[in-house]
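Participant: As input, take entry-v3.cif (mmCIF, C-alpha atoms):
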data_coords
#
loop_
_atom_site.label_atom_id
_atom_site.label_comp_id
_atom_site.auth_asym_id
_atom_site.auth_seq_id
_atom_site.Cartn_x
_atom_site.Cartn_y
_atom_site.Cartn_z
CA GLY A 1 -54.95 148.09 47.25
CA ALA A 2 -58.21 147.70 45.40
CA VAL A 3 -60.88 145.48 46.83
CA VAL A 4 -62.96 142.86 45.10
CA SER A 5 -65.81 141.43 47.10
CA GLN A 6 -67.40 138.08 46.34
CA HIS A 7 -70.63 136.76 47.80
CA PRO A 8 -71.56 134.28 49.14
CA SER A 9 -68.41 132.75 50.57
CA TRP A 10 -70.04 129.34 50.66
CA VAL A 11 -73.30 127.82 49.47
CA ILE A 12 -74.93 124.41 49.53
CA CYS A 13 -77.64 123.67 47.01
CA LYS A 14 -79.64 120.73 45.76
CA SER A 15 -79.05 119.11 42.40
CA GLY A 16 -81.07 120.74 39.66
CA THR A 17 -81.26 124.16 41.26
CA SER A 18 -79.42 127.31 40.21
CA VAL A 19 -76.94 129.31 42.25
CA LYS A 20 -75.84 132.90 41.72
CA ILE A 21 -72.46 134.21 42.81
CA GLU A 22 -71.76 137.95 42.86
CA CYS A 23 -68.47 139.71 42.33
CA ARG A 24 -68.12 143.41 43.03
CA SER A 25 -65.21 145.78 42.58
CA LEU A 26 -65.57 148.13 45.53
CA ASP A 27 -63.27 151.02 44.73
CA PHE A 28 -62.57 150.90 41.03
CA GLN A 29 -64.47 150.36 37.82
CA ALA A 30 -63.79 147.07 36.14
CA THR A 31 -64.78 146.79 32.51
CA THR A 32 -63.48 143.25 32.62
CA MET A 33 -63.76 140.65 35.32
CA PHE A 34 -62.63 137.05 35.31
CA TRP A 35 -64.12 133.91 36.75
CA TYR A 36 -61.91 131.04 37.86
CA ARG A 37 -62.60 127.61 39.20
CA GLN A 38 -60.29 125.65 41.44
CA PHE A 39 -60.51 121.92 41.96
CA PRO A 40 -58.96 120.44 45.09
CA LYS A 41 -55.16 120.59 44.96
CA GLN A 42 -55.25 121.98 41.45
CA SER A 43 -54.58 125.28 39.79
CA LEU A 44 -56.94 128.13 39.17
CA MET A 45 -58.60 127.45 35.84
CA LEU A 46 -59.94 130.43 33.93
CA MET A 47 -63.56 129.82 33.03
CA ALA A 48 -64.57 133.02 31.32
CA THR A 49 -63.96 136.70 30.84
CA SER A 50 -66.86 138.89 31.83
CA ASN A 51 -67.23 142.05 29.74
CA GLU A 52 -69.36 144.94 30.90
CA GLY A 53 -72.22 145.52 28.51
CA SER A 54 -71.48 142.58 26.27
CA LYS A 55 -71.37 138.82 26.21
CA ALA A 56 -68.85 136.91 28.23
CA THR A 57 -65.99 135.12 26.54
CA TYR A 58 -65.75 131.51 27.61
CA GLU A 59 -62.65 129.36 27.65
CA GLN A 60 -62.59 126.16 25.70
CA GLY A 61 -64.51 123.38 27.38
CA VAL A 62 -66.63 125.64 29.59
CA GLU A 63 -70.37 125.31 28.97
CA LYS A 64 -71.76 128.80 28.52
CA ASP A 65 -75.33 127.64 28.98
CA LYS A 66 -74.45 126.13 32.30
CA PHE A 67 -72.31 128.94 33.66
CA LEU A 68 -74.20 132.13 32.90
CA ILE A 69 -72.24 135.33 33.32
CA ASN A 70 -73.77 138.77 33.46
CA HIS A 71 -71.70 141.94 33.78
CA ALA A 72 -74.49 144.39 34.52
CA SER A 73 -72.37 147.36 35.55
CA LEU A 74 -68.77 148.47 35.89
CA THR A 75 -68.69 147.17 39.44
CA LEU A 76 -70.73 143.97 39.32
CA SER A 77 -70.43 140.64 37.57
CA THR A 78 -72.49 137.58 38.41
CA LEU A 79 -71.93 133.91 37.73
CA THR A 80 -75.00 131.67 37.78
CA VAL A 81 -74.50 127.94 37.88
CA THR A 82 -77.65 126.54 36.32
CA SER A 83 -79.10 123.08 36.92
CA ALA A 84 -76.35 122.41 39.40
CA HIS A 85 -74.87 118.94 39.54
CA PRO A 86 -72.59 117.45 42.19
CA GLU A 87 -69.68 117.62 39.75
CA ASP A 88 -70.11 121.41 39.75
CA SER A 89 -69.02 121.42 43.38
CA SER A 90 -65.87 123.49 43.46
CA PHE A 91 -64.26 126.72 44.61
CA TYR A 92 -65.14 129.65 42.35
CA ILE A 93 -63.13 132.88 42.41
CA CYS A 94 -63.56 136.15 40.57
CA SER A 95 -60.96 138.76 39.84
CA ALA A 96 -60.61 142.18 38.26
CA ARG A 97 -57.73 144.24 37.03
CA ASP A 98 -57.22 147.96 36.56
CA GLY A 99 -55.11 147.42 33.47
CA TRP A 100 -53.07 144.86 31.59
CA ASP A 101 -49.87 145.69 33.42
CA THR A 102 -51.21 145.69 36.95
CA GLU A 103 -51.96 143.05 39.48
CA ALA A 104 -55.30 141.33 39.55
CA PHE A 105 -57.41 141.63 42.66
CA PHE A 106 -59.31 138.60 43.75
CA GLY A 107 -62.51 138.03 45.58
CA GLN A 108 -62.62 135.82 48.64
CA GLY A 109 -63.93 132.89 46.65
CA THR A 110 -67.13 130.87 46.90
CA ARG A 111 -67.23 127.25 47.97
CA LEU A 112 -70.13 125.61 46.14
CA THR A 113 -71.36 122.21 47.28
CA VAL A 114 -74.12 120.53 45.30
CA VAL A 115 -75.88 117.71 47.07
CA ASP B 116 -52.08 122.67 27.17
CA GLN B 117 -50.51 124.09 30.31
CA GLN B 118 -48.90 127.38 29.31
CA VAL B 119 -47.61 128.10 32.79
CA LYS B 120 -46.05 125.30 34.78
CA GLN B 121 -44.77 124.89 38.28
CA ASN B 122 -43.05 121.55 38.30
CA SER B 123 -42.58 121.27 42.04
CA PRO B 124 -45.89 120.60 43.76
CA SER B 125 -44.34 121.11 47.18
CA LEU B 126 -41.32 122.57 48.91
CA SER B 127 -40.18 122.34 52.51
CA VAL B 128 -37.72 124.90 53.91
CA GLN B 129 -36.35 125.63 57.34
CA GLU B 130 -37.17 128.97 58.92
CA GLY B 131 -34.53 131.59 58.15
CA ARG B 132 -33.38 129.87 54.98
CA ILE B 133 -34.15 130.87 51.41
CA SER B 134 -37.20 129.52 49.61
CA ILE B 135 -36.95 129.32 45.83
CA LEU B 136 -40.10 128.67 43.85
CA ASN B 137 -39.83 128.08 40.12
CA CYS B 138 -42.14 128.64 37.21
CA ASP B 139 -41.81 127.93 33.49
CA TYR B 140 -43.93 129.17 30.63
CA THR B 141 -44.30 128.31 26.97
CA ASN B 142 -46.08 131.31 25.48
CA SER B 143 -43.53 133.79 24.17
CA MET B 144 -46.25 136.47 24.05
CA PHE B 145 -46.42 136.64 27.84
CA ASP B 146 -44.86 139.85 29.03
CA TYR B 147 -46.14 140.38 32.54
CA PHE B 148 -45.69 137.91 35.36
CA LEU B 149 -47.06 137.78 38.87
CA TRP B 150 -46.77 135.69 42.00
CA TYR B 151 -49.70 135.03 44.29
CA LYS B 152 -50.00 133.42 47.69
CA LYS B 153 -53.09 131.43 48.53
CA TYR B 154 -54.53 129.87 51.66
CA PRO B 155 -57.27 127.21 51.48
CA ALA B 156 -60.78 128.53 50.85
CA GLU B 157 -59.50 132.05 50.23
CA GLY B 158 -58.80 134.10 47.14
CA PRO B 159 -55.16 134.57 46.10
CA THR B 160 -53.29 137.58 47.42
CA PHE B 161 -50.81 139.42 45.28
CA LEU B 162 -47.13 139.24 46.22
CA ILE B 163 -44.94 140.67 43.51
CA SER B 164 -44.84 141.14 39.76
CA ILE B 165 -42.34 141.73 36.98
CA SER B 166 -42.55 143.11 33.49
CA SER B 167 -40.69 141.43 30.67
CA ILE B 168 -38.48 144.49 30.25
CA LYS B 169 -36.88 143.67 33.58
CA ASP B 170 -35.01 140.65 34.85
CA LYS B 171 -35.36 141.29 38.56
CA ASN B 172 -37.79 142.93 40.92
CA GLU B 173 -37.40 143.10 44.67
CA ASP B 174 -39.86 143.92 47.42
CA GLY B 175 -38.72 143.31 50.95
CA ARG B 176 -38.12 139.61 51.49
CA PHE B 177 -39.49 138.76 48.05
CA THR B 178 -37.49 138.87 44.82
CA VAL B 179 -38.66 137.69 41.44
CA PHE B 180 -36.19 136.82 38.68
CA LEU B 181 -37.11 136.53 35.04
CA ASN B 182 -35.07 134.71 32.40
CA LYS B 183 -36.84 135.38 29.12
CA SER B 184 -34.56 133.28 26.97
CA ALA B 185 -35.27 130.26 29.16
CA LYS B 186 -38.92 131.25 29.67
CA HIS B 187 -38.38 130.82 33.36
CA LEU B 188 -39.10 132.84 36.45
CA SER B 189 -38.47 132.25 40.09
CA LEU B 190 -39.57 133.69 43.40
CA HIS B 191 -37.03 133.95 46.20
CA ILE B 192 -38.16 134.44 49.76
CA VAL B 193 -35.45 135.23 52.25
CA PRO B 194 -35.47 134.77 55.13
CA SER B 195 -38.35 132.32 55.08
CA GLN B 196 -40.83 132.51 57.92
CA PRO B 197 -43.44 130.02 59.15
CA GLY B 198 -46.15 132.48 58.11
CA ASP B 199 -44.99 132.09 54.52
CA SER B 200 -46.41 128.56 54.49
CA ALA B 201 -49.08 128.54 51.77
CA VAL B 202 -49.61 127.63 48.14
CA TYR B 203 -47.82 129.91 45.69
CA PHE B 204 -49.04 130.45 42.16
CA CYS B 205 -47.23 132.15 39.35
CA ALA B 206 -49.34 133.79 36.67
CA ALA B 207 -48.71 135.41 33.31
CA SER B 208 -50.50 137.65 30.86
CA GLU B 209 -49.98 138.85 27.33
CA ARG B 210 -49.48 142.48 26.38
CA ASN B 211 -52.67 144.52 26.30
CA THR B 212 -54.81 141.75 27.71
CA ASP B 213 -56.23 141.42 31.19
CA LYS B 214 -56.44 137.65 31.23
CA LEU B 215 -54.16 135.88 33.69
CA ILE B 216 -53.03 132.31 33.18
CA PHE B 217 -52.04 130.52 36.37
CA GLY B 218 -49.50 127.85 37.05
CA THR B 219 -50.31 124.69 38.93
CA GLY B 220 -49.07 125.97 42.28
CA THR B 221 -46.35 124.98 44.75
CA ARG B 222 -47.14 124.29 48.36
CA LEU B 223 -44.46 125.85 50.55
CA GLN B 224 -43.99 124.70 54.10
CA VAL B 225 -41.60 126.60 56.35
CA PHE B 226 -40.73 124.71 59.50
CA PRO B 227 -39.04 126.05 62.64
#
Would it be possible to restate this file's structure as structure tokens?
Facilitator:
Amino acid sequence: GAVVSQHPSWVICKSGTSVKIECRSLDFQATTMFWYRQFPKQSLMLMATSNEGSKATYEQGVEKDKFLINHASLTLSTLTVTSAHPEDSSFYICSARDGWDTEAFFGQGTRLTVV
Amino acid sequence: DQQVKQNSPSLSVQEGRISILNCDYTNSMFDYFLWYKKYPAEGPTFLISISSIKDKNEDGRFTVFLNKSAKHLSLHIVPSQPGDSAVYFCAASERNTDKLIFGTGTRLQVFP
């Protein structure tokens, strides 16, 4: 199946700094990618839809100025957590789909810890 | 507003028996449903899917059933194996959209 690669797999940063997470589709072109966040023992919550060449679409309650998404090409989307705060510590996962009636492929996830 | 719900947070099944994981949804516009398996600190891996035009889809030990009138789907795993122990998420999407909405997950434990 298709491969989605996410980097880094884990990162520790200090409060107030920014962290960038990359998501790449390795063998298909993804005009749309999705960013999820998972809290411990909770579901995957959709944060935003990343659209190649245009602005991301954020879900209700997600701060777009805090979670910057850039979909620079058909194979790369980045999520930047700006001015990180300990409450931003979480597991972030990206995904991409080939079409609306196909499975979504997920990256490996990124464990962010803000200290 | 949780559009996709998995009311059982955990399930324990003996090896060799059937595991049945349930999922309910509220959005009648959903027409494609998927099941994912997830281990801690990893991304979900796809298991099986079903379109709303079907009521059953089978792939090896995994079978998904869809009851549109009840807005309910279930995943059957038979026979269950210890390696099936993980968290299972159901997910749904609307026609012509890529966005997946996930359920809350059910932790399955298969014991010998």
Participant: Contacts between segment 41-63 of chain A and chain B, please, where a residue of chain B counts if it comes within 7 Å (with only C-alpha atoms); show its shortest atom pair and distance in Å to one decimal, rows by chain and ascending number, as CSV.
Facilitator:
residue,atom,partner,partner_atom,distance
B:Phe217,CA,A:Leu44,CA,6.1
B:Gly218,CA,A:Ser43,CA,6.3
B:Thr219,CA,A:Ser43,CA,4.4
B:Gly220,CA,A:Ser43,CA,6.1
Participant: So which residues get picked by the PyMOL selection byres ((chain A) within 6 of (chain B)) here, written as a list in words?
Facilitator: Ser43, Trp100, Phe106, Gly107, Gln108 and Gly109 of chain A
Participant: Kindly save the residues from that selection, with C-alpha atoms included, as a short mmCIF file (atom, residue, chain, number, x, y, z; two decimals), keeping the file's coordinate frame.
Facilitator:
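Output below, filename again_25.cif:
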data_model
loop_
_atom_site.label_atom_id
_atom_site.label_comp_id
_atom_site.auth_asym_id
_atom_site.auth_seq_id
_atom_site.Cartn_x
_atom_site.Cartn_y
_atom_site.Cartn_z
CA SER A 43 -54.58 125.28 39.79
CA TRP A 100 -53.07 144.86 31.59
CA PHE A 106 -59.31 138.60 43.75
CA GLY A 107 -62.51 138.03 45.58
CA GLN A 108 -62.62 135.82 48.64
CA GLY A 109 -63.93 132.89 46.65
#
Participant: Neighbouring residues of Ser90 of chain A were defined as those with any atom within 9 Å, considering only C-alpha atoms; residues of the same chain fewer than 6 positions away were excluded. Please report them as a ChimeraX atom specification.
Facilitator: /A:37-40,110-114
Participant: Take atom CA of Asn70 of chain A and atom CA of Thr32 of chain A and report the distance between them in Å, one decimal.
Facilitator: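 For atom CA of Asn70 of chain A relative to atom CA of Thr32 of chain A, the distance reads 11.3 Å.
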Participant: Measure the distance from atom CA of Phe105 of chain A to atom CA of Ser25 of chain A in Å and round it to one decimal.
Facilitator: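 Separation between atom CA of Phe105 of chain A and atom CA of Ser25 of chain A: 8.8 Å.
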Participant: Could you work out how far atom CA of His71 of chain A lies from atom CA of Ala84 of chain A, giving the answer in Å with one decimal?
Facilitator: 20.8 Å
Participant: Evaluate the PyMOL selection byres ((chain B and resi 170-180) around 6) and record the selected residues as a PyMOL selection string, following the chain and residue labels used in the document.
Facilitator: chain B and resi 169+181+188-193
Participant: Could the residues in this selection be saved with C-alpha atoms as a compact mmCIF listing (two decimals), keeping the file's coordinate frame?
Facilitator:
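Listing of selection_11.txt after writing:
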# COMPACT_ATOMS: atom_id res chain seq x y z
CA LYS B 169 -36.88 143.67 33.58
CA LEU B 181 -37.11 136.53 35.04
CA LEU B 188 -39.10 132.84 36.45
CA SER B 189 -38.47 132.25 40.09
CA LEU B 190 -39.57 133.69 43.40
CA HIS B 191 -37.03 133.95 46.20
CA ILE B 192 -38.16 134.44 49.76
CA VAL B 193 -35.45 135.23 52.25
Participant: Which residues match the PyMOL selection byres ((chain A and resi 81) around 9) in the file above, as a ChimeraX atom specification?
Facilitator: /A:17-21,65-69,79-80,82-84,88
Participant: Could you please fill out segment 67-82 of chain A with N, CA, C and O atoms and send it back as a short mmCIF file (atom, residue, chain, number, x, y, z; two decimals), in the coordinates of the input?
Facilitator:
data_model
loop_
_atom_site.label_atom_id
_atom_site.label_comp_id
_atom_site.auth_asym_id
_atom_site.auth_seq_id
_atom_site.Cartn_x
_atom_site.Cartn_y
_atom_site.Cartn_z
N PHE A 67 -72.92 127.90 32.83
CA PHE A 67 -72.31 128.94 33.66
C PHE A 67 -72.63 130.30 33.02
O PHE A 67 -71.92 130.78 32.15
N LEU A 68 -73.74 130.87 33.47
CA LEU A 68 -74.20 132.13 32.90
C LEU A 68 -73.51 133.29 33.58
O LEU A 68 -73.51 133.40 34.80
N ILE A 69 -72.95 134.17 32.78
CA ILE A 69 -72.24 135.33 33.32
C ILE A 69 -72.91 136.60 32.83
O ILE A 69 -73.17 136.76 31.64
N ASN A 70 -73.16 137.49 33.77
CA ASN A 70 -73.77 138.77 33.46
C ASN A 70 -72.94 139.88 34.09
O ASN A 70 -72.68 139.87 35.28
N HIS A 71 -72.51 140.81 33.28
CA HIS A 71 -71.70 141.94 33.78
C HIS A 71 -72.56 143.19 33.63
O HIS A 71 -72.45 143.93 32.67
N ALA A 72 -73.42 143.38 34.64
CA ALA A 72 -74.49 144.39 34.52
C ALA A 72 -73.97 145.82 34.64
O ALA A 72 -74.56 146.74 34.09
N SER A 73 -72.88 146.00 35.37
CA SER A 73 -72.37 147.36 35.55
C SER A 73 -70.86 147.29 35.67
O SER A 73 -70.28 146.21 35.65
N LEU A 74 -70.23 148.43 35.80
CA LEU A 74 -68.77 148.47 35.89
C LEU A 74 -68.24 147.96 37.22
O LEU A 74 -67.03 147.86 37.40
N THR A 75 -69.14 147.65 38.14
CA THR A 75 -68.69 147.17 39.44
C THR A 75 -69.28 145.83 39.82
O THR A 75 -69.03 145.33 40.91
N LEU A 76 -70.07 145.22 38.94
CA LEU A 76 -70.73 143.97 39.32
C LEU A 76 -70.76 142.97 38.17
O LEU A 76 -71.19 143.28 37.07
N SER A 77 -70.29 141.77 38.48
CA SER A 77 -70.43 140.64 37.57
C SER A 77 -71.02 139.49 38.36
O SER A 77 -70.70 139.31 39.54
N THR A 78 -71.89 138.72 37.72
CA THR A 78 -72.49 137.58 38.41
C THR A 78 -72.26 136.31 37.59
O THR A 78 -72.26 136.33 36.35
N LEU A 79 -72.05 135.24 38.33
CA LEU A 79 -71.93 133.91 37.73
C LEU A 79 -73.07 133.07 38.26
O LEU A 79 -73.22 132.93 39.48
N THR A 80 -73.90 132.54 37.37
CA THR A 80 -75.00 131.67 37.78
C THR A 80 -74.72 130.26 37.29
O THR A 80 -74.57 130.05 36.08
N VAL A 81 -74.65 129.35 38.22
CA VAL A 81 -74.50 127.94 37.88
C VAL A 81 -75.91 127.36 37.76
O VAL A 81 -76.64 127.29 38.74
N THR A 82 -76.29 127.00 36.56
CA THR A 82 -77.65 126.54 36.32
C THR A 82 -77.73 125.02 36.39
O THR A 82 -76.76 124.32 36.09
#
